[in-house]
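Step one of this worksheet: look at the structure below.
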Amino acid sequence: MTSLSDFIHRFQLQLPSQPPHLAGNQRNAAVLLPIICKPEPTLLFTLRSQSLRSHAGQVAFPGGAADPGDPSLIATALREAEEEVHLPQDKVQILGQLAPLDSIGGYRVTPVIGLVSTPVSFRTNPTEVAKIFEVPLFDALSLPHYRYLDIKRRNQQHRIYFYWYQGQMIWGLTAAIIYRLAQQVQKSC
């Protein structure tokens, strides 16, 4: 893959593969994978605030639990991105979504892919986000950059993915989402 248009073409022509097993979670959440449309496109990440009850200090995508007033999970992802990093919803063009994944916290998380037009400026909501950073899209989508660890939890095997970028470790559900996206767009058409 060499360009953003190639990524979009591949993403839109491939159906997301369904995970082999999803738990019967009742709580839905969504995250936005914001692709910043620059000459070298980037993927925006957040470093979660240390004061949060769960996943404090971890790298994540903007997102969170669905509210009863959200008309869709896409609306959830856009609302959360606006709350966490002040990303105006009208700056995001939704490409689609990946199959949901179950989180360790009991949420069924739907990743939503969106293109963010520039110029755009981000501001953190300090109660939720300590820092914002970007990773070159094609670096993040390079499967050889990932490592994994197989663990057994509750008598089930789980694969935990890891990815390092400039000293920042991206792991767990966030890395699994990117890895799944990379697998999807690198399938031959």
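Residue numbering restarts at 1 for every chain of the structure tokens, chains are lettered A, B, ... in their displayed order, and ligands are numbered from 1 as they appear.
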### Query
Can you list, as a ChimeraX atom specification, every protein, DNA or RNA residue that comes within 8 Å of Phe122 of chain A when you count only C-alpha atoms, leaving out same-chain residues fewer than 3 positions away?
/A:85-87
### Task
Excluding segment 72-74 of chain A and any residue of its chain fewer than 6 positions from it, enumerate the residues within 8 Å of it, using only C-alpha atoms, and give them as a PyMOL selection string.
chain A and resi 28-30+66+110+112
For segment 44-150 of chain A versus segment 5-8 of chain A, which residues have an atom no more than 12 Å away, and what is each residue's nearest atom pair and distance in Å rounded to one decimal, using only C-alpha atoms, chain-then-number order, as a Markdown table?
```
| residue | atom | partner | partner_atom | distance |
| --- | --- | --- | --- | --- |
| A:Gln93 | CA | A:Ile8 | CA | 11.6 |
| A:Ile94 | CA | A:Ile8 | CA | 11.0 |
| A:Leu95 | CA | A:Ile8 | CA | 7.7 |
| A:Gly96 | CA | A:Ile8 | CA | 10.0 |
| A:Ile113 | CA | A:Ile8 | CA | 10.1 |
| A:Gly114 | CA | A:Ile8 | CA | 10.3 |
| A:Leu115 | CA | A:Ile8 | CA | 9.5 |
| A:Leu137 | CA | A:Phe7 | CA | 9.5 |
| A:Phe138 | CA | A:Phe7 | CA | 9.0 |
| A:Leu141 | CA | A:Phe7 | CA | 9.9 |
```
Go ahead and save the residues from that selection, with N, CA and C atoms, as a compact mmCIF listing (two decimals), in the first residue's frame.
```
# COMPACT_ATOMS: atom_id res chain seq x y z
N GLN A 93 -15.08 12.29 7.73
CA GLN A 93 -15.82 11.55 6.71
C GLN A 93 -15.71 10.07 7.07
N ILE A 94 -16.83 9.47 7.41
CA ILE A 94 -16.84 8.06 7.82
C ILE A 94 -16.65 7.16 6.61
N LEU A 95 -15.64 6.26 6.71
CA LEU A 95 -15.41 5.27 5.65
C LEU A 95 -16.19 3.99 5.91
N GLY A 96 -16.33 3.63 7.17
CA GLY A 96 -17.01 2.39 7.53
C GLY A 96 -16.57 1.94 8.89
N ILE A 113 -13.92 3.81 11.20
CA ILE A 113 -12.82 4.42 10.46
C ILE A 113 -13.31 5.74 9.87
N GLY A 114 -12.54 6.82 10.12
CA GLY A 114 -12.93 8.11 9.58
C GLY A 114 -11.75 8.90 9.06
N LEU A 115 -11.97 9.60 7.97
CA LEU A 115 -10.95 10.50 7.41
C LEU A 115 -11.18 11.89 7.99
N LEU A 137 0.23 6.44 9.16
CA LEU A 137 -0.75 5.38 8.90
C LEU A 137 -0.10 4.11 8.39
N PHE A 138 0.80 4.24 7.41
CA PHE A 138 1.35 3.03 6.79
C PHE A 138 2.36 2.33 7.70
N LEU A 141 0.06 0.27 9.91
CA LEU A 141 -0.56 -0.85 9.18
C LEU A 141 0.45 -1.89 8.70
```
### Task
Write down as a VMD selection string the residues of segment 49-164 of chain A whose backbone DSSP state falls under strand (DSSP E).
chain A and resid 59 to 60 63 to 65 92 to 97 101 to 102 107 to 116 129 to 136 147 to 153 156 to 164
### Query
Which is closest to Thr124 of chain A among A:Gly69, A:Pro62, A:Pro144, A:Pro136, if we use only C-alpha atoms?
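For Thr124 of chain A, the nearest of the candidates is A:Pro62.
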